[in-house]
>>> print(open('start-v4.cif').read())   # mmCIF, C-alpha atoms and all ligand atoms
data_protein
loop_
_atom_site.label_atom_id
_atom_site.label_comp_id
_atom_site.auth_asym_id
_atom_site.auth_seq_id
_atom_site.Cartn_x
_atom_site.Cartn_y
_atom_site.Cartn_z
CA MET V 894 3.31 19.98 7.65
CA ARG V 895 5.93 19.70 4.89
CA ILE V 896 5.74 16.14 3.60
CA LEU V 897 8.09 14.64 1.02
CA VAL V 898 6.18 11.80 -0.68
CA THR V 899 8.12 9.10 -2.55
CA GLY V 900 6.30 7.04 -5.20
CA ALA V 901 4.10 10.12 -5.74
CA ALA V 902 3.15 9.15 -9.31
CA GLY V 903 2.10 5.60 -8.38
CA MET V 904 -1.45 4.30 -8.10
CA VAL V 905 -1.70 5.25 -4.44
CA GLY V 906 0.68 8.21 -4.52
CA LYS V 907 -1.20 10.30 -7.07
CA HIS V 908 -4.43 10.11 -5.02
CA LEU V 909 -2.63 10.51 -1.71
CA ILE V 910 -0.82 13.71 -2.68
CA ARG V 911 -4.15 15.28 -3.73
CA TYR V 912 -5.70 14.26 -0.39
CA LEU V 913 -2.76 15.58 1.64
CA CYS V 914 -2.93 18.94 -0.13
CA GLN V 915 -6.73 19.10 0.47
CA VAL V 916 -6.28 18.58 4.21
CA GLY V 917 -3.72 21.39 4.34
CA HIS V 918 -0.28 19.79 4.11
CA GLN V 919 2.51 21.11 1.92
CA VAL V 920 3.53 18.23 -0.34
CA ILE V 921 6.87 17.66 -2.09
CA PRO V 922 6.08 14.89 -4.60
CA VAL V 923 8.95 12.71 -5.85
CA ALA V 924 8.56 10.31 -8.79
CA PHE V 925 11.01 8.07 -10.59
CA VAL V 926 10.27 8.92 -14.23
CA LYS V 927 9.32 12.41 -15.40
CA HIS V 928 5.84 13.58 -14.36
CA GLU V 929 4.41 17.08 -14.51
CA ASN V 930 4.84 19.07 -11.27
CA MET V 931 6.88 16.32 -9.61
CA ILE V 932 10.54 16.05 -8.74
CA CYS V 933 12.14 13.28 -10.77
CA ALA V 934 14.74 11.25 -8.84
CA ASP V 935 16.21 7.78 -8.46
CA LEU V 936 15.97 7.34 -4.71
CA ARG V 937 18.38 4.38 -4.67
CA ASP V 938 21.10 7.01 -5.00
CA GLU V 939 22.24 8.27 -1.60
CA ALA V 940 23.62 11.62 -2.84
CA THR V 941 20.28 12.37 -4.54
CA VAL V 942 18.32 11.65 -1.35
CA PHE V 943 20.61 13.74 0.86
CA HIS V 944 20.42 16.59 -1.66
CA LEU V 945 16.59 16.46 -1.71
CA VAL V 946 16.40 16.43 2.08
CA LYS V 947 18.76 19.40 2.35
CA MET V 948 16.97 21.36 -0.37
CA TYR V 949 13.35 20.79 0.76
CA ALA V 950 13.80 20.28 4.53
CA PRO V 951 10.66 18.15 5.03
CA ASP V 952 9.16 17.50 8.49
CA LEU V 953 8.14 14.04 7.35
CA ILE V 954 9.04 11.59 4.59
CA LEU V 955 6.12 9.43 3.51
CA HIS V 956 7.77 6.50 1.76
CA LEU V 957 5.67 4.76 -0.91
CA ALA V 958 8.19 4.15 -3.71
CA ALA V 959 8.56 0.47 -4.49
CA LEU V 960 8.62 -2.20 -7.15
CA THR V 961 5.17 -3.67 -6.57
CA ASN V 962 4.88 -6.36 -9.25
CA LEU V 963 5.25 -9.57 -7.24
CA SER V 964 6.31 -11.77 -10.18
CA PHE V 965 8.85 -9.21 -11.38
CA CYS V 966 10.34 -9.01 -7.87
CA GLU V 967 10.50 -12.81 -7.64
CA GLU V 968 12.29 -13.09 -10.96
CA ASN V 969 14.56 -10.11 -10.30
CA LYS V 970 15.49 -10.53 -6.65
CA GLU V 971 18.51 -8.22 -6.72
CA ALA V 972 16.62 -5.40 -8.42
CA SER V 973 13.72 -5.85 -5.99
CA HIS V 974 16.05 -5.71 -2.99
CA ALA V 975 17.95 -2.70 -4.38
CA THR V 976 14.70 -0.72 -4.67
CA ASN V 977 12.39 -2.12 -2.00
CA TYR V 978 15.04 -2.35 0.71
CA GLY V 979 17.75 -0.10 -0.74
CA ILE V 980 15.62 3.06 -0.89
CA THR V 981 14.40 2.50 2.67
CA GLU V 982 18.00 2.13 3.85
CA VAL V 983 19.06 5.44 2.27
CA LEU V 984 15.95 7.27 3.51
CA ALA V 985 16.40 5.92 7.05
CA ARG V 986 19.98 7.20 7.08
CA ALA V 987 18.88 10.63 5.84
CA CYS V 988 16.04 10.76 8.39
CA SER V 989 18.38 9.79 11.21
CA GLU V 990 20.98 12.44 10.29
CA SER V 991 18.47 15.25 9.78
CA GLU V 992 16.01 14.21 12.53
CA ILE V 993 13.12 13.78 10.12
CA ARG V 994 10.16 11.54 10.85
CA LEU V 995 9.69 8.56 8.50
CA LEU V 996 6.34 7.00 7.64
CA PHE V 997 6.76 3.77 5.67
CA LEU V 998 3.95 2.16 3.69
CA SER V 999 4.34 -1.57 4.14
CA SER V 1000 2.23 -4.53 3.15
CA ASP V 1001 0.20 -7.44 4.51
CA TYR V 1002 2.60 -9.62 2.48
CA VAL V 1003 5.17 -9.37 5.30
CA PHE V 1004 3.02 -12.29 6.52
CA GLY V 1005 1.67 -15.30 4.65
CA LYS V 1006 3.64 -18.39 5.60
CA TYR V 1007 0.88 -19.43 8.01
CA ASP V 1008 -2.82 -18.68 8.20
CA ARG V 1009 -3.55 -16.65 11.31
CA VAL V 1010 -5.10 -13.29 12.16
CA TRP V 1011 -1.95 -11.23 12.38
CA GLN V 1012 -1.39 -8.54 15.01
CA GLU V 1013 0.92 -5.51 14.75
CA GLU V 1014 3.68 -7.01 16.94
CA ASP V 1015 3.70 -10.48 15.34
CA ILE V 1016 6.98 -11.53 13.76
CA PRO V 1017 6.83 -11.31 9.93
CA CYS V 1018 6.86 -14.54 7.91
CA PRO V 1019 6.93 -13.46 4.24
CA THR V 1020 6.80 -15.95 1.39
CA THR V 1021 7.90 -13.73 -1.51
CA GLN V 1022 10.87 -11.51 -2.36
CA TYR V 1023 8.55 -8.47 -2.25
CA GLY V 1024 7.37 -9.48 1.26
CA MET V 1025 10.94 -10.19 2.41
CA ASP V 1026 12.14 -6.76 1.27
CA LYS V 1027 9.19 -5.05 3.00
CA ALA V 1028 9.87 -7.04 6.20
CA ALA V 1029 13.61 -6.20 6.04
CA SER V 1030 12.74 -2.51 5.57
CA GLU V 1031 10.45 -2.61 8.61
CA SER V 1032 13.16 -4.22 10.69
CA LEU V 1033 15.77 -1.66 9.61
CA ILE V 1034 13.44 1.24 10.46
CA ARG V 1035 12.61 -0.20 13.88
CA ASP V 1036 16.31 -0.74 14.66
CA SER V 1037 17.67 2.57 13.38
CA LEU V 1038 14.99 5.21 14.03
CA SER V 1039 12.86 6.28 16.97
CA ASN V 1040 10.52 8.70 15.23
CA TYR V 1041 8.80 6.41 12.72
CA ALA V 1042 5.49 4.86 11.79
CA ILE V 1043 5.15 1.66 9.79
CA VAL V 1044 1.74 1.33 8.15
CA ARG V 1045 0.78 -2.07 6.77
CA THR V 1046 -2.05 -2.03 4.28
CA ALA V 1047 -3.62 -4.48 1.82
CA GLN V 1048 -5.55 -4.89 -1.46
CA LEU V 1049 -6.32 -1.21 -1.95
CA TYR V 1050 -9.37 -0.09 -3.90
CA GLY V 1051 -10.72 3.32 -4.77
CA PHE V 1052 -9.00 4.16 -8.06
CA SER V 1053 -9.46 3.21 -11.69
CA GLY V 1054 -7.79 -0.09 -12.58
CA ASP V 1055 -8.46 -1.58 -9.13
CA PHE V 1056 -10.27 -4.89 -8.51
CA VAL V 1057 -13.63 -3.11 -8.19
CA SER V 1058 -13.37 -1.55 -11.64
CA LEU V 1059 -12.16 -4.84 -13.18
CA VAL V 1060 -15.28 -6.60 -11.86
CA CYS V 1061 -17.59 -3.77 -12.93
CA ASP V 1062 -16.08 -3.49 -16.40
CA ALA V 1063 -16.43 -7.23 -17.06
CA LEU V 1064 -19.96 -7.57 -15.70
CA THR V 1065 -21.20 -4.41 -17.42
CA ALA V 1066 -19.91 -5.85 -20.73
CA ARG V 1067 -21.70 -9.13 -19.77
CA GLN V 1068 -18.40 -11.01 -19.75
CA GLU V 1069 -17.59 -13.86 -17.38
CA PHE V 1070 -15.39 -12.84 -14.44
CA ILE V 1071 -13.08 -15.49 -12.94
CA ALA V 1072 -12.55 -14.88 -9.22
CA PHE V 1073 -10.33 -16.89 -6.87
CA ALA V 1074 -12.18 -18.57 -4.03
CA ASN V 1075 -8.99 -19.54 -2.17
CA LEU V 1076 -7.14 -16.20 -2.24
CA VAL V 1077 -8.00 -14.17 0.86
CA ASN V 1078 -6.96 -10.83 2.32
CA CYS V 1079 -8.47 -7.60 3.65
CA PRO V 1080 -9.69 -5.19 0.94
CA THR V 1081 -8.98 -1.63 2.05
CA TRP V 1082 -10.60 1.55 0.75
CA ILE V 1083 -8.06 4.31 0.05
CA GLY V 1084 -10.45 6.80 1.71
CA ASP V 1085 -10.06 4.91 5.00
CA LEU V 1086 -6.30 4.45 4.53
CA PHE V 1087 -5.78 8.18 3.88
CA ALA V 1088 -7.87 9.24 6.89
CA MET V 1089 -5.89 6.88 9.13
CA LEU V 1090 -2.57 8.06 7.67
CA ASN V 1091 -3.53 11.67 8.34
CA LYS V 1092 -4.37 10.87 11.97
CA ILE V 1093 -0.97 9.19 12.38
CA ILE V 1094 0.72 12.21 10.74
CA LEU V 1095 -1.08 14.85 12.82
CA ARG V 1096 -0.78 13.01 16.13
CA GLY V 1097 2.83 12.00 15.57
CA ASP V 1098 1.99 8.38 16.47
CA ARG V 1099 4.93 5.97 16.51
CA GLY V 1100 5.11 2.23 15.93
CA ILE V 1101 3.38 -0.30 13.66
CA PHE V 1102 -0.18 0.14 12.41
CA HIS V 1103 -2.56 -2.10 10.49
CA CYS V 1104 -4.50 0.34 8.29
CA VAL V 1105 -6.66 -2.28 6.62
CA GLY V 1106 -10.33 -2.91 5.95
CA SER V 1107 -12.23 -4.75 8.67
CA GLU V 1108 -13.16 -7.87 6.67
CA ALA V 1109 -11.05 -10.71 5.28
CA LEU V 1110 -12.64 -11.85 2.01
CA SER V 1111 -11.78 -14.18 -0.83
CA ARG V 1112 -11.61 -12.57 -4.25
CA TYR V 1113 -14.81 -14.49 -5.08
CA GLN V 1114 -16.69 -13.02 -2.09
CA TYR V 1115 -15.23 -9.61 -2.93
CA ALA V 1116 -16.43 -9.80 -6.57
CA CYS V 1117 -19.92 -10.94 -5.49
CA GLU V 1118 -20.25 -7.99 -3.10
CA VAL V 1119 -19.22 -5.61 -5.89
CA ALA V 1120 -21.87 -7.12 -8.17
CA GLU V 1121 -24.53 -6.83 -5.47
CA VAL V 1122 -23.79 -3.19 -4.61
CA PHE V 1123 -23.72 -2.09 -8.28
CA ALA V 1124 -26.74 -4.26 -9.21
CA LEU V 1125 -24.73 -6.30 -11.74
CA ASP V 1126 -25.27 -9.93 -12.72
CA VAL V 1127 -23.58 -12.05 -10.05
CA SER V 1128 -24.09 -15.24 -12.09
CA LEU V 1129 -21.33 -14.05 -14.46
CA ILE V 1130 -18.79 -14.50 -11.63
CA LYS V 1131 -17.13 -17.92 -11.62
CA ALA V 1132 -15.35 -19.20 -8.53
CA VAL V 1133 -12.03 -20.86 -9.35
CA ASN V 1134 -9.26 -22.17 -7.12
CA LEU V 1135 -5.82 -20.72 -7.70
CA ASP V 1136 -2.97 -23.22 -8.01
CA PHE V 1137 -0.42 -22.14 -5.42
CA LEU V 1138 2.21 -24.40 -6.93
CA VAL V 1139 2.21 -21.92 -9.82
CA ASP V 1140 1.03 -18.63 -8.26
CA ILE V 1141 3.45 -17.08 -5.76
CA ARG V 1142 0.92 -15.08 -3.74
CA PRO V 1143 0.33 -16.31 -0.18
CA PRO V 1144 -3.18 -17.85 -0.08
CA ARG V 1145 -4.61 -16.28 3.09
CA VAL V 1146 -3.31 -13.10 4.70
CA ARG V 1147 -5.59 -11.68 7.36
CA LEU V 1148 -4.49 -8.67 9.40
CA SER V 1149 -6.27 -7.58 12.54
CA GLY V 1150 -6.92 -3.84 12.55
CA ALA V 1151 -8.51 -3.80 16.00
CA TYR V 1152 -5.58 -2.32 17.94
CA THR V 1153 -4.94 0.31 15.24
CA TYR V 1154 -8.65 1.28 14.98
CA ASN V 1155 -8.90 1.72 18.76
CA SER V 1156 -5.68 3.66 19.09
CA LEU V 1157 -6.59 5.98 16.18
CA GLU V 1158 -10.28 6.08 17.17
CA PHE V 1159 -11.09 5.39 13.54
CA TYR V 1160 -13.27 2.51 12.41
CA PRO V 1161 -13.21 1.72 8.64
CA GLY V 1162 -16.50 0.92 6.97
CA ARG V 1163 -17.29 -2.51 5.54
CA LEU V 1164 -16.79 -3.15 1.82
CA LYS V 1165 -20.54 -2.75 1.25
CA ASP V 1166 -20.52 0.69 2.90
CA ASN V 1167 -17.49 1.94 0.99
CA LEU V 1168 -18.26 0.66 -2.50
CA PRO V 1169 -20.84 3.38 -3.25
CA PHE V 1170 -17.99 5.92 -2.93
CA CYS V 1171 -16.34 4.13 -5.88
CA SER V 1172 -19.31 4.48 -8.22
CA SER V 1173 -17.88 7.44 -10.15
CA TYR V 1174 -15.00 5.49 -11.67
CA ALA V 1175 -16.23 1.91 -11.41
CA ILE V 1176 -19.19 2.04 -13.76
N1 LIG U 1201 -1.70 -0.99 -4.08
C1 LIG U 1201 -1.92 -1.81 -3.06
O1 LIG U 1201 -2.94 -2.51 -2.96
C2 LIG U 1201 -0.89 -1.86 -1.93
C3 LIG U 1201 -1.09 -2.77 -0.87
C4 LIG U 1201 -0.16 -2.84 0.16
C5 LIG U 1201 0.95 -2.00 0.17
N2 LIG U 1201 1.13 -1.14 -0.88
C6 LIG U 1201 2.33 -0.27 -0.86
O2 LIG U 1201 1.95 1.06 -1.17
C7 LIG U 1201 3.00 1.71 -1.90
C8 LIG U 1201 2.40 2.33 -3.17
O3 LIG U 1201 1.82 1.29 -3.94
P1 LIG U 1201 1.23 1.54 -5.41
O4 LIG U 1201 0.20 0.53 -5.62
O5 LIG U 1201 0.93 2.99 -5.58
O6 LIG U 1201 2.52 1.15 -6.28
P2 LIG U 1201 2.97 1.67 -7.75
O7 LIG U 1201 1.81 2.16 -8.50
O8 LIG U 1201 3.80 0.58 -8.32
O9 LIG U 1201 3.89 2.92 -7.39
C9 LIG U 1201 5.20 2.78 -6.89
C10 LIG U 1201 6.00 3.98 -7.32
O10 LIG U 1201 7.37 3.81 -6.88
C11 LIG U 1201 8.18 4.56 -7.76
N3 LIG U 1201 9.56 4.04 -7.81
C12 LIG U 1201 9.95 2.79 -8.19
N4 LIG U 1201 11.30 2.74 -8.19
C13 LIG U 1201 11.76 3.95 -7.81
C14 LIG U 1201 13.06 4.51 -7.63
N5 LIG U 1201 14.19 3.80 -7.83
N6 LIG U 1201 13.17 5.82 -7.25
C15 LIG U 1201 12.06 6.56 -7.04
N7 LIG U 1201 10.80 6.09 -7.17
C16 LIG U 1201 10.65 4.79 -7.57
C17 LIG U 1201 7.53 4.44 -9.14
O11 LIG U 1201 7.72 5.69 -9.79
P3 LIG U 1201 7.38 5.97 -11.36
O12 LIG U 1201 5.89 5.83 -11.50
O13 LIG U 1201 7.80 7.37 -11.56
O14 LIG U 1201 8.13 4.91 -12.11
C18 LIG U 1201 6.05 4.17 -8.83
O15 LIG U 1201 5.22 5.25 -9.16
C19 LIG U 1201 4.06 0.65 -2.18
O16 LIG U 1201 5.10 0.80 -1.26
C20 LIG U 1201 3.33 -0.66 -1.96
O17 LIG U 1201 4.20 -1.67 -1.55
C21 LIG U 1201 0.23 -1.04 -1.91
#
>>> encode(input="start-v4.cif", output="structure tokens")
Amino acid sequence: MRILVTGAAGMVGKHLIRYLCQVGHQVIPVAFVKHENMICADLRDEATVFHLVKMYAPDLILHLAALTNLSFCEENKEASHATNYGITEVLARACSESEIRLLFLSSDYVFGKYDRVWQEEDIPCPTTQYGMDKAASESLIRDSLSNYAIVRTAQLYGFSGDFVSLVCDALTARQEFIAFANLVNCPTWIGDLFAMLNKIILRGDRGIFHCVGSEALSRYQYACEVAEVFALDVSLIKAVNLDFLVDIRPPRVRLSGAYTYNSLEFYPGRLKDNLPFCSSYAI
């Protein structure tokens, strides 16, 4: 399948495009700033998007491009909206006109106002600008397209610079690691996310999917599991409570993946099972 990937040079994108090529797709990678072997484009610009679609005629657009720094988005609401909603709006229009399927990578942060185990059809209740723009993008896609998939994911690990490598680096250097005991979500291994995405791509599934890990963990529990699996000193990890009057992240965001796992017939491993796959970069 010919897949145009936005955000191709991002943390997820650069691993995802390699995976998609390995499993036999033809990938058209689009980045914002100049990167080798990637198309460089500002996707907020409608003419640019329509030109790309005409020139490369993809079967599917896999939309990852976003401003992902929560604090930046909060402090720069207009810029966040222009990118995180604006690009989706332009892509949805192009997909509608050219009958192209759209797969949108969304976030668990479309929820967060309440603590509940969220299902795919629950109504979003974001607490941040980033979450609001993701939720607005989802709503636009649902209202304007029929051939779409919205994939919500969370707290990805499986690449250098992720939470796993931060814990490993600190503990290996015998430094204290501060981990939040009251910040909870579902860590998700990129290996599981990519396999689920590929199933959705190949089967042409439509609708909303929760491609998340099967456990909701606090950052403290998460760090302790990392220490245990890599035989590092767990006593260096200090549990601290985050002050949510200062930090804008929603405290507990737990997504249920049960419906998605059953419909895709794919069951992600637990953190403990997946961490050994991260050993090459983590320590
Ligand atoms: N990482 C996670 O744990 C996580 C969890 C849930 C959801 N997600 C979603 O997954 C997607 C990828 O996340 P990530 O962690 O890989 O984010 P990232 O590293 O910040 O990558 C986002 C990419 O978007 C591109 N971009 C920004 N503005 C653009 C514009 N105007 N035109 C074209 N491209 C633009 C950037 O390109 P340049 O690099 O060229 O500037 C950047 O590489 C995002 O949609 C994010 O919301 C991620």
>>> closest_residue(input="start-v4.cif", among="V:Gly1054, V:Gly1024, V:Gly1084, V:Gly906", to="Ser964 in chain V", atoms="only C-alpha atoms")
V:Gly1024
>>> atom_distance(input="start-v4.cif", atom1="atom O5 of ligand LIG 1201 (chain U)", atom2="CA of Ala1042 in chain V")
18.1 Å
>>> residues_around(input="start-v4.cif", residues="Asp1140 in chain V", least_positions_apart="3", cutoff="12 Å", atoms="all atoms listed in the file", output="short mmCIF file (atom, residue, chain, number, x, y, z; two decimals) with C-alpha atoms, in the frame of the given file")
data_model
loop_
_atom_site.label_atom_id
_atom_site.label_comp_id
_atom_site.auth_asym_id
_atom_site.auth_seq_id
_atom_site.Cartn_x
_atom_site.Cartn_y
_atom_site.Cartn_z
CA LEU V 963 5.25 -9.57 -7.24
CA SER V 964 6.31 -11.77 -10.18
CA GLU V 967 10.50 -12.81 -7.64
CA THR V 1020 6.80 -15.95 1.39
CA THR V 1021 7.90 -13.73 -1.51
CA PHE V 1073 -10.33 -16.89 -6.87
CA ASN V 1075 -8.99 -19.54 -2.17
CA LEU V 1076 -7.14 -16.20 -2.24
CA ASN V 1134 -9.26 -22.17 -7.12
CA LEU V 1135 -5.82 -20.72 -7.70
CA ASP V 1136 -2.97 -23.22 -8.01
CA PHE V 1137 -0.42 -22.14 -5.42
CA PRO V 1143 0.33 -16.31 -0.18
CA PRO V 1144 -3.18 -17.85 -0.08
#
>>> residues_near_ligand(input="start-v4.cif", ligand="ligand LIG 1201 (chain U)", cutoff="6 Å", atoms="all atoms listed in the file", output="list in words")
Gly900, Ala902, Gly903, Met904, Val905, Gly906, Ala924, Phe925, Val926, Ala934, Asp935, Leu936, Arg937, Leu957, Ala958, Ala959, Leu960, Thr961, Thr976, Leu998, Ser999, Ser1000, Thr1046, Ala1047, Gln1048 and Leu1049 of chain V
>>> axis_aligned_box(input="start-v4.cif", around="range 1043-1062 of chain V", padding_each_side="5 Å", output="JSON")
{"center_x": -6.2, "center_y": -1.2, "center_z": -3.3, "size_x": 32.7, "size_y": 20.8, "size_z": 36.2}
>>> atom_distance(input="start-v4.cif", atom1="CA of Asp1166 in chain V", atom2="CA of Asp1015 in chain V")
29.4 Å
>>> atom_distance(input="start-v4.cif", atom1="CA of Phe1056 in chain V", atom2="CA of Asn1078 in chain V")
12.8 Å
>>> residues_around(input="start-v4.cif", residues="Leu1033 in chain V", least_positions_apart="6", cutoff="9 Å", atoms="all atoms listed in the file", output="ChimeraX atom specification")
/V:978,981-982,985
>>> closest_residue(input="start-v4.cif", among="V:Tyr1113, V:Tyr1050, V:Tyr1160, V:Phe1004", to="Ala1028 in chain V", atoms="all atoms listed in the file")
V:Phe1004
>>> residues_around(input="start-v4.cif", residues="Val1077 in chain V", least_positions_apart="4", cutoff="12 Å", atoms="only C-alpha atoms", output="ChimeraX atom specification")
/V:1001-1002,1005,1008-1010,1047-1048,1072-1073,1108-1115,1134-1135,1142-1148
>>> write_last_selection(input="start-v4.cif", atoms="C-alpha atoms", output="PDB file, in the frame of the given file")
ATOM      1  CA  ASP V1001       0.200  -7.440   4.510  1.00  0.00           C
ATOM      2  CA  TYR V1002       2.600  -9.620   2.480  1.00  0.00           C
ATOM      3  CA  GLY V1005       1.670 -15.300   4.650  1.00  0.00           C
ATOM      4  CA  ASP V1008      -2.820 -18.680   8.200  1.00  0.00           C
ATOM      5  CA  ARG V1009      -3.550 -16.650  11.310  1.00  0.00           C
ATOM      6  CA  VAL V1010      -5.100 -13.290  12.160  1.00  0.00           C
ATOM      7  CA  ALA V1047      -3.620  -4.480   1.820  1.00  0.00           C
ATOM      8  CA  GLN V1048      -5.550  -4.890  -1.460  1.00  0.00           C
ATOM      9  CA  ALA V1072     -12.550 -14.880  -9.220  1.00  0.00           C
ATOM     10  CA  PHE V1073     -10.330 -16.890  -6.870  1.00  0.00           C
ATOM     11  CA  GLU V1108     -13.160  -7.870   6.670  1.00  0.00           C
ATOM     12  CA  ALA V1109     -11.050 -10.710   5.280  1.00  0.00           C
ATOM     13  CA  LEU V1110     -12.640 -11.850   2.010  1.00  0.00           C
ATOM     14  CA  SER V1111     -11.780 -14.180  -0.830  1.00  0.00           C
ATOM     15  CA  ARG V1112     -11.610 -12.570  -4.250  1.00  0.00           C
ATOM     16  CA  TYR V1113     -14.810 -14.490  -5.080  1.00  0.00           C
ATOM     17  CA  GLN V1114     -16.690 -13.020  -2.090  1.00  0.00           C
ATOM     18  CA  TYR V1115     -15.230  -9.610  -2.930  1.00  0.00           C
ATOM     19  CA  ASN V1134      -9.260 -22.170  -7.120  1.00  0.00           C
ATOM     20  CA  LEU V1135      -5.820 -20.720  -7.700  1.00  0.00           C
ATOM     21  CA  ARG V1142       0.920 -15.080  -3.740  1.00  0.00           C
ATOM     22  CA  PRO V1143       0.330 -16.310  -0.180  1.00  0.00           C
ATOM     23  CA  PRO V1144      -3.180 -17.850  -0.080  1.00  0.00           C
ATOM     24  CA  ARG V1145      -4.610 -16.280   3.090  1.00  0.00           C
ATOM     25  CA  VAL V1146      -3.310 -13.100   4.700  1.00  0.00           C
ATOM     26  CA  ARG V1147      -5.590 -11.680   7.360  1.00  0.00           C
ATOM     27  CA  LEU V1148      -4.490  -8.670   9.400  1.00  0.00           C
TER      28      LEU V1148
END
>>> residues_around(input="start-v4.cif", residues="Asp1026 in chain V", least_positions_apart="4", cutoff="8 Å", atoms="all atoms listed in the file", output="ChimeraX atom specification")
/V:973-974,977-978,1022,1030
>>> closest_residue(input="start-v4.cif", among="V:Asn1091, V:Ile1071, V:Glu992, V:Cys914", to="Leu1059 in chain V", atoms="all atoms listed in the file")
V:Ile1071
>>> closest_residue(input="start-v4.cif", among="V:Glu939, V:Asp1126, V:Glu971, V:Glu929", to="Tyr1023 in chain V", atoms="only C-alpha atoms")
V:Glu971
